[in-house]
file query19.cif (mmCIF, C-alpha atoms and all ligand atoms)
data_model
loop_
_atom_site.label_atom_id
_atom_site.label_comp_id
_atom_site.auth_asym_id
_atom_site.auth_seq_id
_atom_site.Cartn_x
_atom_site.Cartn_y
_atom_site.Cartn_z
CA MET U 1 9.62 18.62 -22.23
CA SER U 2 10.15 17.65 -25.79
CA THR U 3 7.28 16.28 -27.76
CA VAL U 4 7.67 13.40 -30.10
CA ASN U 5 6.38 12.80 -33.51
CA ILE U 6 4.43 9.76 -32.53
CA HIS U 7 4.38 8.17 -35.90
CA ASP U 8 8.15 8.43 -36.32
CA ASP U 9 9.16 7.63 -32.78
CA VAL U 10 7.07 4.97 -31.20
CA VAL U 11 6.06 2.57 -33.92
CA PRO U 12 7.89 -0.63 -33.03
CA ASP U 13 10.19 -2.15 -35.58
CA GLU U 14 8.37 -5.45 -35.50
CA SER U 15 5.52 -5.92 -37.90
CA PRO U 16 2.74 -6.87 -37.69
CA ASN U 17 1.61 -5.43 -34.36
CA ILE U 18 0.36 -7.71 -31.64
CA GLU U 19 -2.22 -6.29 -29.26
CA LEU U 20 -3.39 -7.79 -26.01
CA TYR U 21 -6.97 -7.54 -24.76
CA THR U 22 -7.40 -8.51 -21.12
CA ARG U 23 -10.28 -8.84 -18.67
CA ASN U 24 -9.75 -8.43 -14.95
CA GLY U 25 -6.33 -6.87 -15.22
CA PHE U 26 -3.55 -9.40 -15.33
CA THR U 27 -5.68 -12.31 -14.12
CA GLY U 28 -8.66 -12.77 -16.44
CA PRO U 29 -9.17 -14.04 -19.97
CA ALA U 30 -6.71 -12.59 -22.47
CA ALA U 31 -6.72 -12.54 -26.24
CA THR U 32 -4.38 -11.27 -28.91
CA ILE U 33 -5.21 -9.17 -31.93
CA ILE U 34 -2.82 -8.87 -34.85
CA ARG U 35 -2.93 -5.74 -36.95
CA ALA U 36 -0.80 -4.11 -39.57
CA GLN U 37 -1.34 -0.71 -38.01
CA TYR U 38 -0.04 0.56 -34.65
CA THR U 39 -3.10 1.75 -32.73
CA PRO U 40 -2.06 3.76 -29.65
CA PRO U 41 -1.57 7.07 -31.51
CA TYR U 42 -4.60 9.30 -31.83
CA SER U 43 -4.44 12.56 -33.68
CA ARG U 44 -6.94 14.49 -31.57
CA VAL U 45 -9.76 13.89 -29.15
CA GLN U 46 -13.02 15.51 -28.12
CA GLY U 47 -14.52 14.82 -24.72
CA ALA U 48 -13.33 14.25 -21.18
CA TYR U 49 -12.37 10.56 -21.23
CA VAL U 50 -8.73 11.02 -22.07
CA PRO U 51 -5.32 9.93 -20.78
CA TYR U 52 -3.55 12.52 -18.69
CA ARG U 53 -0.16 13.13 -17.22
CA PHE U 54 0.58 15.19 -14.11
CA ASP U 55 3.73 16.69 -12.62
CA MET U 56 3.30 16.91 -8.87
CA ASN U 57 6.23 19.34 -8.73
CA GLY U 58 3.79 21.87 -10.14
CA LEU U 59 1.54 21.62 -7.10
CA SER U 60 1.46 24.92 -5.23
CA SER U 61 2.39 24.73 -1.58
CA SER U 62 0.07 27.65 -0.85
CA ALA U 63 -2.83 25.21 -0.54
CA PHE U 64 -0.98 23.72 2.43
CA ALA U 65 0.01 26.87 4.29
CA ASP U 66 -2.39 25.69 6.96
CA PRO U 67 -1.03 22.36 8.30
CA GLU U 68 -4.63 21.28 8.89
CA ALA U 69 -5.39 21.45 5.16
CA PRO U 70 -6.47 18.09 3.72
CA PRO U 71 -4.70 16.53 0.71
CA VAL U 72 -5.71 17.71 -2.75
CA ALA U 73 -7.34 15.11 -5.01
CA ILE U 74 -6.31 15.15 -8.67
CA MET U 75 -8.49 12.19 -9.71
CA GLU U 76 -11.41 10.48 -8.11
CA GLY U 77 -13.89 7.73 -8.89
CA GLU U 78 -16.27 5.45 -7.02
CA GLY U 79 -14.58 5.02 -3.64
CA VAL U 80 -11.07 5.73 -4.94
CA SER U 81 -9.05 8.91 -5.21
CA VAL U 82 -5.49 9.92 -6.02
CA GLU U 83 -4.34 12.81 -3.88
CA LEU U 84 -1.27 14.95 -3.24
CA ALA U 85 -0.06 16.73 -0.14
CA ILE U 86 2.78 19.02 0.90
CA ARG U 87 3.67 19.27 4.59
CA THR U 88 6.18 21.89 5.63
CA GLN U 89 5.62 21.85 9.38
CA GLY U 90 4.39 19.59 12.11
CA SER U 91 0.92 20.01 13.49
CA ALA U 92 -1.06 19.34 16.66
CA ALA U 93 -4.00 18.41 14.43
CA ALA U 94 -4.57 14.76 13.58
CA PHE U 95 -6.57 13.10 10.81
CA ARG U 96 -8.73 10.00 10.82
CA ASN U 97 -10.29 8.74 7.62
CA VAL U 98 -13.33 6.70 8.65
CA PHE U 99 -14.46 5.67 5.16
CA GLY U 100 -11.17 4.97 3.39
CA ASP U 101 -7.82 3.23 3.67
CA GLU U 102 -4.94 5.55 2.83
CA LEU U 103 -1.69 4.51 1.18
CA HIS U 104 0.86 7.31 1.54
CA TYR U 105 3.98 7.40 -0.62
CA VAL U 106 6.69 9.80 0.55
CA MET U 107 8.10 11.35 -2.59
CA GLU U 108 10.34 13.78 -0.72
CA GLY U 109 11.04 14.88 2.82
CA GLU U 110 11.38 13.52 6.31
CA GLY U 111 9.26 13.70 9.39
CA ARG U 112 7.70 11.98 12.32
CA LEU U 113 4.29 10.44 11.83
CA ASP U 114 2.34 9.69 15.01
CA THR U 115 -0.38 7.05 14.72
CA ASP U 116 -2.74 5.15 17.01
CA PHE U 117 -0.13 2.40 17.13
CA GLY U 118 2.96 4.51 17.73
CA TYR U 119 5.23 6.62 15.55
CA LEU U 120 7.25 6.21 12.38
CA GLU U 121 10.20 8.30 11.25
CA VAL U 122 9.52 8.46 7.54
CA ARG U 123 11.92 9.10 4.72
CA PRO U 124 11.76 9.35 0.93
CA GLY U 125 10.54 6.18 -0.74
CA ASP U 126 8.42 5.07 2.20
CA PHE U 127 4.99 3.59 1.62
CA VAL U 128 2.82 3.90 4.74
CA LEU U 129 -0.48 2.05 4.81
CA LEU U 130 -2.94 3.77 7.14
CA PRO U 131 -6.13 1.70 7.22
CA ARG U 132 -9.46 3.37 7.82
CA ALA U 133 -10.21 4.56 11.36
CA VAL U 134 -6.52 4.94 12.25
CA THR U 135 -5.71 8.40 13.61
CA TYR U 136 -2.45 9.98 12.50
CA ARG U 137 -0.67 13.31 12.62
CA TRP U 138 2.50 14.78 11.26
CA ALA U 139 4.12 15.53 14.62
CA ALA U 140 7.30 16.97 13.13
CA VAL U 141 8.54 17.75 9.66
CA THR U 142 12.33 17.98 9.45
CA ARG U 143 12.40 18.35 5.66
CA ALA U 144 9.36 19.39 3.63
CA LEU U 145 7.23 16.38 2.77
CA ARG U 146 5.63 15.74 -0.61
CA GLU U 147 3.24 12.83 -0.64
CA MET U 148 1.25 10.88 -3.18
CA ILE U 149 -1.79 9.34 -1.50
CA VAL U 150 -4.21 6.67 -2.69
CA VAL U 151 -7.50 6.62 -0.80
CA THR U 152 -9.76 3.62 -1.25
CA ALA U 153 -13.01 2.44 0.28
CA SER U 154 -11.86 -1.16 -0.04
CA GLU U 155 -9.39 -2.76 2.36
CA LEU U 156 -5.76 -2.76 1.31
CA SER U 157 -3.08 -5.11 2.62
CA VAL U 158 0.66 -5.43 2.14
CA ASP U 159 0.67 -8.80 0.40
CA PRO U 160 3.43 -9.07 -2.21
CA ARG U 161 3.37 -11.85 -4.74
CA ASN U 162 6.64 -13.73 -4.98
CA ALA U 163 7.68 -12.72 -1.47
CA PRO U 164 10.25 -12.74 0.01
CA GLY U 165 12.18 -12.18 -3.23
CA VAL U 166 10.20 -9.12 -4.28
CA LEU U 167 9.65 -7.74 -0.79
CA ASN U 168 10.75 -9.48 2.37
CA VAL U 169 7.79 -8.78 4.62
CA ASP U 170 9.40 -10.16 7.79
CA ARG U 171 12.55 -8.12 7.37
CA ASP U 172 11.57 -5.01 5.46
CA VAL U 173 8.00 -4.18 6.47
CA ASP U 174 7.78 -2.57 9.89
CA VAL U 175 5.14 -1.14 12.21
CA PRO U 176 5.03 1.99 14.35
CA THR U 177 6.73 2.13 17.74
CA PRO U 178 4.75 3.22 20.82
CA ASP U 179 6.24 6.25 22.57
CA PRO U 180 4.67 7.04 25.95
CA THR U 181 6.80 10.17 26.23
CA SER U 182 5.24 11.87 23.23
CA ASP U 183 2.44 13.65 25.14
CA ARG U 184 2.47 17.27 24.06
CA GLY U 185 0.95 18.46 27.35
CA PRO U 186 -2.06 20.66 28.07
CA GLY U 187 -3.74 22.53 25.28
CA GLU U 188 -6.47 22.13 22.74
CA TYR U 189 -6.11 19.33 20.21
CA VAL U 190 -8.19 18.54 17.18
CA VAL U 191 -8.84 15.30 15.36
CA ILE U 192 -10.20 15.91 11.88
CA VAL U 193 -12.49 13.02 11.01
CA ARG U 194 -12.80 12.61 7.28
CA HIS U 195 -16.01 10.98 6.09
CA GLY U 196 -16.03 10.92 2.32
CA SER U 197 -15.50 14.45 1.11
CA ALA U 198 -16.70 15.98 4.40
CA PHE U 199 -14.84 16.67 7.63
CA THR U 200 -15.94 16.76 11.26
CA ARG U 201 -13.62 18.18 13.89
CA TYR U 202 -13.39 16.72 17.38
CA PHE U 203 -11.70 18.88 20.02
CA TYR U 204 -9.87 17.71 23.16
CA ASP U 205 -8.27 19.46 26.14
CA TYR U 206 -5.61 16.75 26.34
CA ASP U 207 -3.32 15.12 23.77
CA PRO U 208 -5.26 12.09 22.47
CA MET U 209 -2.38 10.56 20.49
CA PRO U 210 0.28 9.07 22.84
CA VAL U 211 0.42 5.26 22.96
CA LEU U 212 1.71 3.22 25.91
CA ALA U 213 1.76 -0.10 24.06
CA ALA U 214 0.16 -1.90 21.13
CA ALA U 215 -0.20 -5.60 20.36
CA GLY U 216 -1.95 -7.90 17.91
CA ALA U 217 -2.14 -7.84 14.14
CA PRO U 218 0.01 -5.30 12.31
CA ILE U 219 -2.41 -2.58 11.23
CA VAL U 220 -0.23 0.34 10.15
CA ARG U 221 2.60 -0.94 7.97
CA ARG U 222 5.55 0.70 6.29
CA TYR U 223 8.13 -0.35 3.73
CA ASN U 224 10.53 1.50 1.48
CA ILE U 225 10.59 1.27 -2.30
CA ALA U 226 14.34 0.57 -2.08
CA ASP U 227 13.42 -2.79 -0.53
CA VAL U 228 11.14 -3.74 -3.43
CA HIS U 229 13.07 -5.85 -5.92
CA SER U 230 11.98 -6.28 -9.51
CA LEU U 231 11.71 -9.69 -11.10
CA SER U 232 13.33 -10.07 -14.52
CA VAL U 233 13.07 -12.41 -17.46
CA ASP U 234 15.47 -13.02 -20.34
CA SER U 235 12.74 -13.07 -22.95
CA GLY U 236 9.05 -12.28 -23.12
CA HIS U 237 7.03 -9.74 -21.18
CA LEU U 238 6.66 -10.11 -17.46
CA MET U 239 3.50 -8.83 -15.81
CA PRO U 240 4.07 -6.28 -13.03
CA THR U 241 4.37 -7.70 -9.52
CA ARG U 242 1.60 -7.01 -7.03
CA ILE U 243 2.70 -5.49 -3.73
CA ILE U 244 -0.58 -4.27 -2.21
CA ASN U 245 -3.62 -6.50 -2.40
CA ASP U 246 -7.35 -5.89 -2.11
CA ALA U 247 -9.45 -9.00 -1.53
CA THR U 248 -12.22 -7.51 -3.68
CA THR U 249 -9.64 -6.95 -6.50
CA ARG U 250 -11.00 -3.43 -6.84
CA THR U 251 -7.77 -1.55 -6.24
CA LEU U 252 -4.28 -3.04 -6.46
CA VAL U 253 -0.74 -1.67 -6.32
CA PHE U 254 2.16 -3.13 -8.30
CA ASP U 255 5.87 -2.54 -8.59
CA LEU U 256 6.65 -1.03 -11.99
CA SER U 257 10.32 -0.22 -11.60
CA SER U 258 12.84 -0.91 -14.37
CA ARG U 259 13.52 -4.58 -15.04
CA ARG U 260 14.70 -6.95 -17.70
CA SER U 261 11.58 -7.74 -19.70
CA ASP U 262 10.21 -7.06 -23.17
CA ARG U 263 8.34 -3.83 -23.68
CA PRO U 264 4.66 -4.32 -22.81
CA PRO U 265 2.42 -5.12 -25.77
CA VAL U 266 -0.18 -2.72 -27.07
CA HIS U 267 -2.84 -3.27 -24.50
CA HIS U 268 -6.60 -3.01 -24.01
CA ASN U 269 -7.15 -3.09 -20.25
CA ALA U 270 -10.90 -3.62 -20.14
CA ASP U 271 -11.52 -3.39 -16.41
CA TYR U 272 -8.87 -1.22 -14.78
CA ASP U 273 -7.75 2.37 -14.91
CA GLU U 274 -3.95 2.49 -14.77
CA VAL U 275 -2.14 5.17 -12.79
CA ILE U 276 1.67 5.07 -12.83
CA PHE U 277 3.82 7.01 -10.37
CA TYR U 278 7.36 7.62 -11.63
CA VAL U 279 9.23 8.42 -8.45
CA ALA U 280 13.00 8.13 -9.07
CA GLY U 281 15.54 7.97 -11.88
CA PRO U 282 18.15 8.18 -13.10
CA GLY U 283 16.76 6.20 -16.01
CA HIS U 284 13.84 7.58 -17.96
CA TYR U 285 10.55 5.73 -18.32
CA GLY U 286 9.93 6.42 -21.98
CA ALA U 287 9.11 10.11 -22.26
CA VAL U 288 8.72 10.36 -18.49
CA ASP U 289 11.90 11.77 -16.97
CA ARG U 290 10.86 13.87 -14.00
CA PRO U 291 10.34 12.14 -10.65
CA GLY U 292 6.92 13.10 -9.38
CA THR U 293 5.25 12.46 -12.75
CA ILE U 294 1.96 10.57 -12.67
CA THR U 295 0.39 9.06 -15.77
CA TRP U 296 -3.24 8.02 -16.05
CA THR U 297 -4.70 5.78 -18.74
CA PRO U 298 -8.45 5.28 -18.30
CA LYS U 299 -9.75 1.75 -18.75
CA GLY U 300 -10.40 0.70 -22.33
CA ILE U 301 -8.08 3.28 -23.88
CA ILE U 302 -5.58 1.47 -26.09
CA HIS U 303 -2.03 2.05 -24.99
CA GLN U 304 1.42 0.51 -25.02
CA GLY U 305 3.52 2.33 -22.47
CA PRO U 306 7.28 2.75 -22.46
CA GLU U 307 10.14 0.31 -22.46
CA GLU U 308 10.80 -0.93 -18.91
CA ASN U 309 14.19 -2.48 -19.60
CA VAL U 310 16.23 0.62 -18.78
CA PRO U 311 19.78 -0.22 -17.66
CA GLU U 312 20.23 3.09 -15.80
CA GLY U 313 17.29 2.07 -13.59
CA TYR U 314 14.26 3.92 -12.32
CA LYS U 315 11.59 3.43 -9.67
CA ALA U 316 7.88 3.48 -10.41
CA TRP U 317 4.68 1.95 -9.09
CA LEU U 318 1.32 1.24 -10.59
CA LEU U 319 -2.17 1.69 -9.19
CA GLU U 320 -4.87 -0.33 -10.92
CA THR U 321 -8.47 0.35 -10.02
CA ARG U 322 -11.83 -0.82 -11.26
CA ALA U 323 -13.15 2.59 -10.23
CA SER U 324 -13.63 4.90 -13.17
CA LEU U 325 -11.50 7.89 -12.30
CA ALA U 326 -12.18 11.42 -13.46
CA LEU U 327 -10.22 14.62 -13.15
CA THR U 328 -10.91 16.96 -10.26
CA PRO U 329 -10.50 20.72 -10.82
CA ALA U 330 -6.99 20.50 -9.30
CA GLY U 331 -6.18 17.59 -11.60
CA ARG U 332 -7.34 19.55 -14.59
CA ASP U 333 -5.04 22.42 -13.58
CA LEU U 334 -2.06 20.13 -13.09
CA GLY U 335 -2.62 17.67 -15.93
CA ARG U 336 -1.71 17.58 -19.61
CA LEU U 337 -3.17 15.45 -22.36
CA MET U 338 -0.97 12.37 -22.87
CA GLU U 339 -0.20 10.11 -25.78
CA THR U 340 -0.26 6.41 -24.98
CA GLY U 341 2.87 5.09 -26.68
CA ARG U 342 5.73 6.50 -24.61
CA PHE U 343 3.55 8.56 -22.28
CA ASP U 344 4.68 11.92 -23.60
CA ILE U 345 2.60 15.08 -23.58
CA HIS U 346 0.29 14.70 -26.55
CA PRO U 347 1.52 16.68 -29.56
CA SER U 348 -1.98 17.97 -30.10
CA GLN U 349 -2.50 20.52 -27.37
CA SER U 350 -5.38 22.11 -29.16
CA ALA U 351 -7.63 19.19 -28.28
CA THR U 352 -10.95 20.03 -26.72
CA VAL U 353 -11.08 18.22 -23.40
FE FE O 1 -1.49 -1.30 -19.45
#
call {"tool": "encode", "arguments": {"input": "query19.cif", "output": "structure tokens"}}
result
Amino acid sequence: MSTVNIHDDVVPDESPNIELYTRNGFTGPAATIIRAQYTPPYSRVQGAYVPYRFDMNGLSSSAFADPEAPPVAIMEGEGVSVELAIRTQGSAAAFRNVFGDELHYVMEGEGRLDTDFGYLEVRPGDFVLLPRAVTYRWAAVTRALREMIVVTASELSVDPRNAPGVLNVDRDVDVPTPDPTSDRGPGEYVVIVRHGSAFTRYFYDYDPMPVLAAAGAPIVRRYNIADVHSLSVDSGHLMPTRIINDATTRTLVFDLSSRRSDRPPVHHNADYDEVIFYVAGPGHYGAVDRPGTITWTPKGIIHQGPEENVPEGYKAWLLETRASLALTPAGRDLGRLMETGRFDIHPSQSATV
């Protein structure tokens, strides 16, 4: 990874610099500030409230040698966490998160996911929304799975703005299929109930997962990032498009893939932490060029972020949360200090953090 000389590389040509201050993410009052200076670059920092960048490819699979191992959180805040998991084999053990909705993004791999409502054959690029109290298990892994997982105490729903153009819910969002033949037969089975950061294990002498039929509202939902289409504009900056909604507005998920739009302005996001998941190229997202890279800008830290108008194309998505995230020990191991212009590793690696 090359580092940039921030002052040479990321100062826009235009002068003066226009900054945007916003409340409530993209929906609240907004105001502009005009300055001669370009304010994202900082020379060094002391303290723990700093932007970070993570490469999930650096996550060791040894933590997941046991298929019953829970995901590893890299950041967590009030009722929200960002977690990673590697699954190399199927398991008879199932999970049920009783305090949080889980949004799983399949970065790599293929497998069969059994749920209370039937099964899904998942593939790279799939988002699977597993609301709280739904039991699920990785019944089979045909190619090692790497997942990014957002866990939130508030209720998430697949509710794209500008549907069906951005995401055709009727055509491209599906639900699991019941499979009465999936009973694994006699034996001991475990359901690992997750309640916050604690786990309680329920044991059974029968397979509790098979489903004869399911009806009613779609609870578990799945769509693929290939079916999410970016909006474009010929001039001006277009706000990212919401895909996953939260009625409390606490935690939202947006499409942030390449599109025709001006580079975002220098930005003061007063109320939301921003976590961006760069999941596919070939185009680079500023200084981010490795799929599996996650950037985190804590709320209130001035940033610009890279150019999004990248003709080669890339896929990315954005988590915005009012929760104030903080690094976990695993996040600290995996993360690097980040500059907030092009989201490169910060040139000052001697910072005390
Ligand atoms: Fe931003």
call {"tool": "residues_near_ligand", "arguments": {"input": "query19.cif", "ligand": "ligand FE 1 (chain O)", "cutoff": "8 Å", "atoms": "all atoms listed in the file", "output": "CSV table (one decimal) with C-alpha atoms, keeping the file's coordinate frame"}}
result
chain,number,residue,atom,x,y,z
U,264,PRO,CA,4.7,-4.3,-22.8
U,266,VAL,CA,-0.2,-2.7,-27.1
U,267,HIS,CA,-2.8,-3.3,-24.5
U,268,HIS,CA,-6.6,-3.0,-24.0
U,269,ASN,CA,-7.2,-3.1,-20.2
U,274,GLU,CA,-4.0,2.5,-14.8
U,297,THR,CA,-4.7,5.8,-18.7
U,303,HIS,CA,-2.0,2.0,-25.0
U,304,GLN,CA,1.4,0.5,-25.0
U,305,GLY,CA,3.5,2.3,-22.5
call {"tool": "atom_distance", "arguments": {"input": "query19.cif", "atom1": "atom CA of U:Gln89", "atom2": "atom CA of U:Gly125"}}
result
19.3 Å
call {"tool": "residues_around", "arguments": {"input": "query19.cif", "residues": "U:Ala92", "least_positions_apart": "4", "cutoff": "10 Å", "atoms": "all atoms listed in the file", "output": "PDB file with C-alpha atoms, in the frame of the given file"}}
result
ATOM      1  CA  PRO U  67      -1.030  22.360   8.300  1.00  0.00           C
ATOM      2  CA  GLU U  68      -4.630  21.280   8.890  1.00  0.00           C
ATOM      3  CA  ARG U 137      -0.670  13.310  12.620  1.00  0.00           C
ATOM      4  CA  TRP U 138       2.500  14.780  11.260  1.00  0.00           C
ATOM      5  CA  ALA U 139       4.120  15.530  14.620  1.00  0.00           C
ATOM      6  CA  ALA U 140       7.300  16.970  13.130  1.00  0.00           C
ATOM      7  CA  ARG U 184       2.470  17.270  24.060  1.00  0.00           C
ATOM      8  CA  GLY U 187      -3.740  22.530  25.280  1.00  0.00           C
ATOM      9  CA  GLU U 188      -6.470  22.130  22.740  1.00  0.00           C
ATOM     10  CA  TYR U 189      -6.110  19.330  20.210  1.00  0.00           C
ATOM     11  CA  VAL U 190      -8.190  18.540  17.180  1.00  0.00           C
ATOM     12  CA  VAL U 191      -8.840  15.300  15.360  1.00  0.00           C
ATOM     13  CA  ASP U 207      -3.320  15.120  23.770  1.00  0.00           C
ATOM     14  CA  MET U 209      -2.380  10.560  20.490  1.00  0.00           C
TER      15      MET U 209
END
call {"tool": "residues_around", "arguments": {"input": "query19.cif", "residues": "U:Gly331", "least_positions_apart": "2", "cutoff": "9 Å", "atoms": "all atoms listed in the file", "output": "JSON, numbers by chain"}}
result
{"U": [54, 72, 73, 74, 75, 326, 327, 328, 329, 333, 334, 335]}
call {"tool": "closest_residue", "arguments": {"input": "query19.cif", "among": "U:Gly185, U:Gly58, U:Pro16, U:Gly109", "to": "U:Thr293", "atoms": "all atoms listed in the file"}}
result
U:Gly58
call {"tool": "closest_residue", "arguments": {"input": "query19.cif", "among": "U:Thr200, U:Asn97, U:Ser257, U:Ser154", "to": "U:Val166", "atoms": "only C-alpha atoms"}}
result
U:Ser257
call {"tool": "closest_residue", "arguments": {"input": "query19.cif", "among": "U:Tyr136, U:Phe99, U:Phe343, U:Phe199", "to": "U:Ala153", "atoms": "all atoms listed in the file"}}
result
U:Phe99
call {"tool": "closest_residue", "arguments": {"input": "query19.cif", "among": "U:Ser258, U:Thr295, U:Ser235, U:Thr241", "to": "U:Tyr314", "atoms": "all atoms listed in the file"}}
result
U:Ser258
call {"tool": "residues_near_point", "arguments": {"input": "query19.cif", "point": "(-7.3, 9.2, -32.9)", "cutoff": "12 Å", "atoms": "all atoms listed in the file", "output": "PyMOL selection string"}}
result
chain U and resi 6+38-46+50+301-303+339-340+346+348+351
call {"tool": "atom_distance", "arguments": {"input": "query19.cif", "atom1": "atom CA of U:Leu319", "atom2": "atom CA of U:Ala94"}}
result
26.4 Å
call {"tool": "closest_residue", "arguments": {"input": "query19.cif", "among": "U:Trp317, U:Phe95, U:Tyr285, U:Phe127", "to": "U:Arg263", "atoms": "only C-alpha atoms"}}
result
U:Tyr285
call {"tool": "atom_distance", "arguments": {"input": "query19.cif", "atom1": "atom CA of U:Thr321", "atom2": "atom CA of U:Leu252"}}
result
6.5 Å
call {"tool": "residues_around", "arguments": {"input": "query19.cif", "residues": "U:Asp262", "least_positions_apart": "6", "cutoff": "10 Å", "atoms": "all atoms listed in the file", "output": "list in words"}}
result
Ser232, Val233, Asp234, Ser235, Gly236, His237, Leu238, Glu307, Glu308 and Asn309 of chain U
call {"tool": "write_last_selection", "arguments": {"input": "query19.cif", "atoms": "C-alpha atoms", "output": "PDB file, in the coordinates of the input"}}
result
ATOM      1  CA  SER U 232      13.330 -10.070 -14.520  1.00  0.00           C
ATOM      2  CA  VAL U 233      13.070 -12.410 -17.460  1.00  0.00           C
ATOM      3  CA  ASP U 234      15.470 -13.020 -20.340  1.00  0.00           C
ATOM      4  CA  SER U 235      12.740 -13.070 -22.950  1.00  0.00           C
ATOM      5  CA  GLY U 236       9.050 -12.280 -23.120  1.00  0.00           C
ATOM      6  CA  HIS U 237       7.030  -9.740 -21.180  1.00  0.00           C
ATOM      7  CA  LEU U 238       6.660 -10.110 -17.460  1.00  0.00           C
ATOM      8  CA  GLU U 307      10.140   0.310 -22.460  1.00  0.00           C
ATOM      9  CA  GLU U 308      10.800  -0.930 -18.910  1.00  0.00           C
ATOM     10  CA  ASN U 309      14.190  -2.480 -19.600  1.00  0.00           C
TER      11      ASN U 309
END
call {"tool": "closest_residue", "arguments": {"input": "query19.cif", "among": "U:Gly281, U:Ala93, U:Val106, U:Asp66", "to": "U:Glu312", "atoms": "all atoms listed in the file"}}
result
U:Gly281
call {"tool": "residues_around", "arguments": {"input": "query19.cif", "residues": "U:Pro160", "least_positions_apart": "6", "cutoff": "9 Å", "atoms": "all atoms listed in the file", "output": "PyMOL selection string"}}
result
chain U and resi 166-169+241-245+254
call {"tool": "closest_atom_pairs", "arguments": {"input": "query19.cif", "of": "stretch 142-184 of chain U", "to": "stretch 215-226 of chain U", "cutoff": "12 Å", "atoms": "only C-alpha atoms", "output": "JSON lines"}}
result
{"residue": "U:Glu155", "atom": "CA", "partner": "U:Ile219", "partner_atom": "CA", "distance": 11.3}
{"residue": "U:Leu156", "atom": "CA", "partner": "U:Ile219", "partner_atom": "CA", "distance": 10.5}
{"residue": "U:Ser157", "atom": "CA", "partner": "U:Arg221", "partner_atom": "CA", "distance": 8.8}
{"residue": "U:Val158", "atom": "CA", "partner": "U:Arg221", "partner_atom": "CA", "distance": 7.6}
{"residue": "U:Asp159", "atom": "CA", "partner": "U:Arg221", "partner_atom": "CA", "distance": 11.1}
{"residue": "U:Pro160", "atom": "CA", "partner": "U:Tyr223", "partner_atom": "CA", "distance": 11.6}
{"residue": "U:Val166", "atom": "CA", "partner": "U:Ile225", "partner_atom": "CA", "distance": 10.6}
{"residue": "U:Leu167", "atom": "CA", "partner": "U:Tyr223", "partner_atom": "CA", "distance": 8.8}
{"residue": "U:Asn168", "atom": "CA", "partner": "U:Tyr223", "partner_atom": "CA", "distance": 9.6}
{"residue": "U:Val169", "atom": "CA", "partner": "U:Tyr223", "partner_atom": "CA", "distance": 8.5}
{"residue": "U:Asp170", "atom": "CA", "partner": "U:Tyr223", "partner_atom": "CA", "distance": 10.7}
{"residue": "U:Arg171", "atom": "CA", "partner": "U:Tyr223", "partner_atom": "CA", "distance": 9.7}
{"residue": "U:Asp172", "atom": "CA", "partner": "U:Tyr223", "partner_atom": "CA", "distance": 6.0}
{"residue": "U:Val173", "atom": "CA", "partner": "U:Tyr223", "partner_atom": "CA", "distance": 4.7}
{"residue": "U:Asp174", "atom": "CA", "partner": "U:Arg222", "partner_atom": "CA", "distance": 5.4}
{"residue": "U:Val175", "atom": "CA", "partner": "U:Arg221", "partner_atom": "CA", "distance": 4.9}
{"residue": "U:Pro176", "atom": "CA", "partner": "U:Val220", "partner_atom": "CA", "distance": 6.9}
{"residue": "U:Thr177", "atom": "CA", "partner": "U:Val220", "partner_atom": "CA", "distance": 10.5}
{"residue": "U:Pro178", "atom": "CA", "partner": "U:Ala215", "partner_atom": "CA", "distance": 10.1}
call {"tool": "axis_aligned_box", "arguments": {"input": "query19.cif", "around": "stretch 305-310 of chain U", "padding_each_side": "4 Å", "output": "AutoDock Vina command-line options"}}
result
--center_x 9.9 --center_y 0.1 --center_z -20.6 --size_x 20.7 --size_y 13.2 --size_z 11.7
call {"tool": "decode", "arguments": {"input": "query19.cif", "residues": "stretch 116-137 of chain U", "atoms": "C-alpha atoms", "output": "tab-separated table (two decimals), in the first residue's frame"}}
result
chain	number	residue	atom	x	y	z
U	116	ASP	CA	-36.38	-20.92	10.61
U	117	PHE	CA	-38.07	-20.10	7.30
U	118	GLY	CA	-36.18	-22.48	5.05
U	119	TYR	CA	-32.79	-22.45	3.35
U	120	LEU	CA	-30.81	-20.17	1.08
U	121	GLU	CA	-27.93	-21.12	-1.18
U	122	VAL	CA	-25.72	-18.09	-0.76
U	123	ARG	CA	-23.06	-16.77	-3.06
U	124	PRO	CA	-20.63	-13.84	-3.12
U	125	GLY	CA	-22.33	-10.46	-3.01
U	126	ASP	CA	-25.38	-11.69	-1.12
U	127	PHE	CA	-26.86	-9.60	1.67
U	128	VAL	CA	-28.91	-11.75	4.04
U	129	LEU	CA	-31.04	-10.00	6.64
U	130	LEU	CA	-31.59	-12.24	9.66
U	131	PRO	CA	-33.87	-10.40	12.08
U	132	ARG	CA	-33.59	-11.02	15.80
U	133	ALA	CA	-34.93	-14.33	17.12
U	134	VAL	CA	-34.44	-16.12	13.80
U	135	THR	CA	-32.40	-19.31	14.16
U	136	TYR	CA	-29.88	-20.08	11.44
U	137	ARG	CA	-27.00	-22.44	10.75
